[in-house]
Every structure is written in structure tokens, then in C-alpha cells.
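Q: One structure, as C-alpha cells, below. Some questions next.
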Amino acid sequence: MKALQYRTIGSAPEVVEIDTPEPGPGQVLLTVTAAGVCHSDEFIMSLPEEQYVYGLPLTLGHEGAGIVHAVGAGVTEVAVGDAVAVYGPWGCGTCRNCAEGKENYCTRAVELGIQPPGLGSPGSMAEYMIVDSPRHLVPLGDLDPVQNVSLTDAGLTPYHAVKRALPKLGAGSTAVVIGAGGLGHVGIQLIRALSGATVIALDISEEKRALALEVGAHHALHSDADAVARIRELTGGLGADAVFDFVGAQPTVEIAGACAAIEGDVQIIGIAGGALPVGIMTTAWDVSVRAPYWGSRSELMEVLDLARAGLIHVETEVFTLDEGPSAYARLHEGSIRGRAVIVPGA
Ligand code: NAD
Ligand code: ZN
Ligand code: ZN
């Protein structure tokens, strides 16, 4: 089968021919219908050899959707032909966090060597992919896989963050979204669908600011040194009740901290290495700062339900598997509108 693999540290991913895998006991083999391109892939491919822990060659793709093609011994929960989305943050299934469905916070994954697809295990950017357990599949039903595959990360990750901030986002509140890319443009829609907040989006790109307004932001500001003053101005001096930083670079975490209102929630979701000091007089009183990772299994079901209800959608640009390397080049130059999605069968 064809697969898009990261093969050499520092080089672009390559389309290669590899053996089609067979499902072992308890596993499921999917014919991949869609695979999303995330900025985190770009991040891991930028790591120097001493920090890279995902194995080589690595079949990319941690956002995946497919049709069940074959099941391993003992699998009865799904059947050949089922349309499914892949829950990516695989855990052990039995620790306390996994028991709550929070496999993104599995306490035994490292010890057991469990790695998500595309981030250690073979991912979705191939004609077929192995899913380690039917527990990691959620029925897609009549949702289009190409339009919705990115809900498994670009939807689930902001949903996990927004859901926890909802107590802060009543009527008259303000939410700031920094970075209106793959995650951010869904984050804006989630805040609009679930809360009464006014949404202020920040981006360095004019196109992304236009996209932010199109998907529901009330204001879109340039992400620069004046952004904090503009946010204070728009909120009568109060600041933002919740801030979602989908960039996570030093300048953006500083904006996030400086624009948070008293008792505001700051969540740093982007992995660009920024750090925000927390302490008396560093932020407004009682601001909380968190760095969440992905989301739970039940939250993925909820995100798919929101899409089914027509409340959120993903703006997508479609690529074939052969065009995969150029999808990453476009992501790198910042010109993808919404999410790039690879369709192996196209
Ligand atoms: P993306 O490339 O699609 O979007 C990034 C957006 O940020 C773009 O619109 C870009 O113009 C904008 N941007 C860049 N610099 C900016 C700045 N200084 N101020 C404001 N906007 C700026 O990326 P994505 O796939 O949406 O991922 C966003 C981040 O989230 C990445 O760092 C990714 O690795 C990370 N991520 C984290 C998790 C998690 O669980 N914590 C999950 C998925 C992705
Ligand atoms: Zn991701
Ligand atoms: Zn676990």
C-alpha cells in the first residue's frame, strides 16, 4: 500500500510503498477514507534527532477516518463496512483516567509503550491503518469523513478546552482565541455554539482573520504589541474571561496572560514553547493557567454530535496521498485555510 512517511530527520515526508498490515488479535484494519494534517506533525518533524521520540520511518496522520476492512480475532464491537472516526490519544484502557474515558491522560501509556497513530504508531496517511482496539473507534454515521475527520483533533482539542472554560463564559463575557488556523477556527465555532461570549480572534495573517470573522468571531485583531490594549478597549477595561492560545509561542502566551480578566481562564494549547509565569501580580487576580492535551473519548462523541447538529464544521482543503508533501509545505508557509485533509483513495 501507499503511505506518507517521515523517514529522515530534517527531511520532508515521502510517499512510499509498504506492506499492507494485517490486524492482530483485538485490532481493527481500516481502509482510510480521510487523514487530517496537523501542525503538531510539522512540530515533530522539526525536532532535532536527540529530541525525536516517535520512531522512523513514521507513517504520519493522527486524525483518521475509515471503513472497517477487516477485524482481528475477538473483535465483535465493529463490523466490516462500518464508517468510523479514530480516537487518537490511545491509552491503556484500564488506569483510572482511561476508565473515565480520558485516555489522553493515561497514566501508563509511557510505561507500556503505547503511542498514538501518526505520533509513534503507524498513522492514517496510508491506504490502510491498524487501530489497536475497537475502543478507539467512534461511529461516523452519516457524517462525511473528509469534511469531519479533523474533528478528531482540530475539533476535539478545542472542545476539551472550551468545555472546561464554559463556567466563565456566560452572557456578557469575552473569549479570546489566538490563532485562527485548524484548531482555532473550530474553537471559535465551539465558543459561539456553546456560550454567550463575545469572541475576539487574533492572528498574524489577514486571511485567517477573515476566516475567523466568517466562522463567527465578533472581532478579529492583528496579533501584535497593541492587541492587549485593543482587547481591554473592547471589554471596557475588564479583559477576557477565557483565553485560548492555539499558538503557544512566547509572544502569544504573554498576550494571553496580559489580556486575561480577574478570575479568567488561560489555556495554552499550541506547542510553540512559550511559558507564562504564574504568581501574585504577574496576571490579574485569580487567573488560572492550564496546558491541556487533546480530549476524552466521550468528548469526541460530543464533538461529532455538534457537527451532526450543524453547529460546527471544518473548512477543508483536500489533497491526494501523492500530494501529501505539498500539503505539509502549504501548512509550513501558513496558507492552508482551515485544515488540509488527505484522501488516500482520491
Ligand atoms: P495551524 O497552522 O493550522 O494554525 C496556526 C494559526 O496560528 C495560523 O492561522 C497562524 O497564522 C496563526 N499564528 C501563527 N503565529 C501567530 C501569532 N504570533 N499570533 C497569532 N496567530 C498566529 O495549526 P493547528 O494545527 O491549528 O495547531 C495549532 C497549535 O496547536 C500547534 O502548535 C499544534 O502543534 C498545537 N496542537 C496542540 C494540541 C494539544 O493537545 N495541546 C493538539 C493539536 C495541536
Ligand atoms: Zn494534532
Ligand atoms: Zn490508561
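As shown in the C-alpha cells, the chain order sets the letters A, B, ...; within each chain, residues go from 1, and ligands are also counted from 1 in the order they appear.
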Which residues of chain A sit at most 6 Å from ligand 1, using only C-alpha atoms and all ligand atoms? Give each one's shortest atom pair and distance in Å (one decimal place), in chain and ascending residue order, as CSV.
A:
```
residue,atom,partner,partner_atom_place_in_ligand_line,distance
A:Cys38,CA,ligand 1,25 (O),4.1
A:His39,CA,ligand 1,25 (O),3.8
A:Ser40,CA,ligand 1,34 (O),3.4
A:Asp153,CA,ligand 1,43 (C),6.0
A:Thr157,CA,ligand 1,40 (O),5.5
A:Ile178,CA,ligand 1,20 (C),5.1
A:Gly179,CA,ligand 1,7 (O),3.5
A:Ala180,CA,ligand 1,9 (O),4.4
A:Gly181,CA,ligand 1,4 (O),3.3
A:Gly182,CA,ligand 1,26 (O),3.6
A:Leu183,CA,ligand 1,26 (O),3.8
A:Gly184,CA,ligand 1,26 (O),5.8
A:Leu202,CA,ligand 1,20 (C),5.3
A:Asp203,CA,ligand 1,21 (N),3.5
A:Ile204,CA,ligand 1,21 (N),4.9
A:Ser205,CA,ligand 1,11 (O),5.0
A:Lys208,CA,ligand 1,9 (O),5.3
A:Ser223,CA,ligand 1,19 (N),4.6
A:Phe246,CA,ligand 1,29 (C),4.8
A:Val247,CA,ligand 1,29 (C),4.9
A:Thr252,CA,ligand 1,18 (N),5.6
A:Ile269,CA,ligand 1,41 (N),4.1
A:Gly270,CA,ligand 1,30 (O),3.4
A:Ile271,CA,ligand 1,32 (O),4.0
A:Ala272,CA,ligand 1,32 (O),5.3
A:Pro292,CA,ligand 1,41 (N),5.4
A:Tyr293,CA,ligand 1,40 (O),3.4
A:Trp294,CA,ligand 1,40 (O),3.7
A:Leu331,CA,ligand 1,2 (O),5.9
A:Gly334,CA,ligand 1,11 (O),5.9
```
Q: Name all residues at most 8 Å from Cys106 of chain A (count only C-alpha atoms; drop same-chain ones fewer than 2 positions away) and give them as a ChimeraX atom specification.
A: /A:91-93,95-98,102-104,108-109
Q: At a cut-off of 8 Å, using only C-alpha atoms, what residues contact Ala70 of chain A? Leave out same-chain residues fewer than 6 positions from it and give the result as a list in words.
A: Pro23, Val28, Leu29, Leu30, Ala79 and Val80 of chain A
Q: Please run DSSP on the backbone and report, as a PyMOL selection string, all residues within segment 110-218 of chain A that come out as strand (DSSP E or B).
A: chain A and resi 117+121+126+128-131+137-139+174-178+198-203
Q: Can you pull out the residues contacting segment 5-9 of chain A? Cut-off 6 Å, using only C-alpha atoms, and skip same-chain residues under 2 positions away; I want them as a list of chain:residue names.
A: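 So the residues in contact are A:Ser11, A:Pro13, A:Glu14, A:Leu56, A:Pro57, A:Leu58, A:Thr59, A:Leu60.
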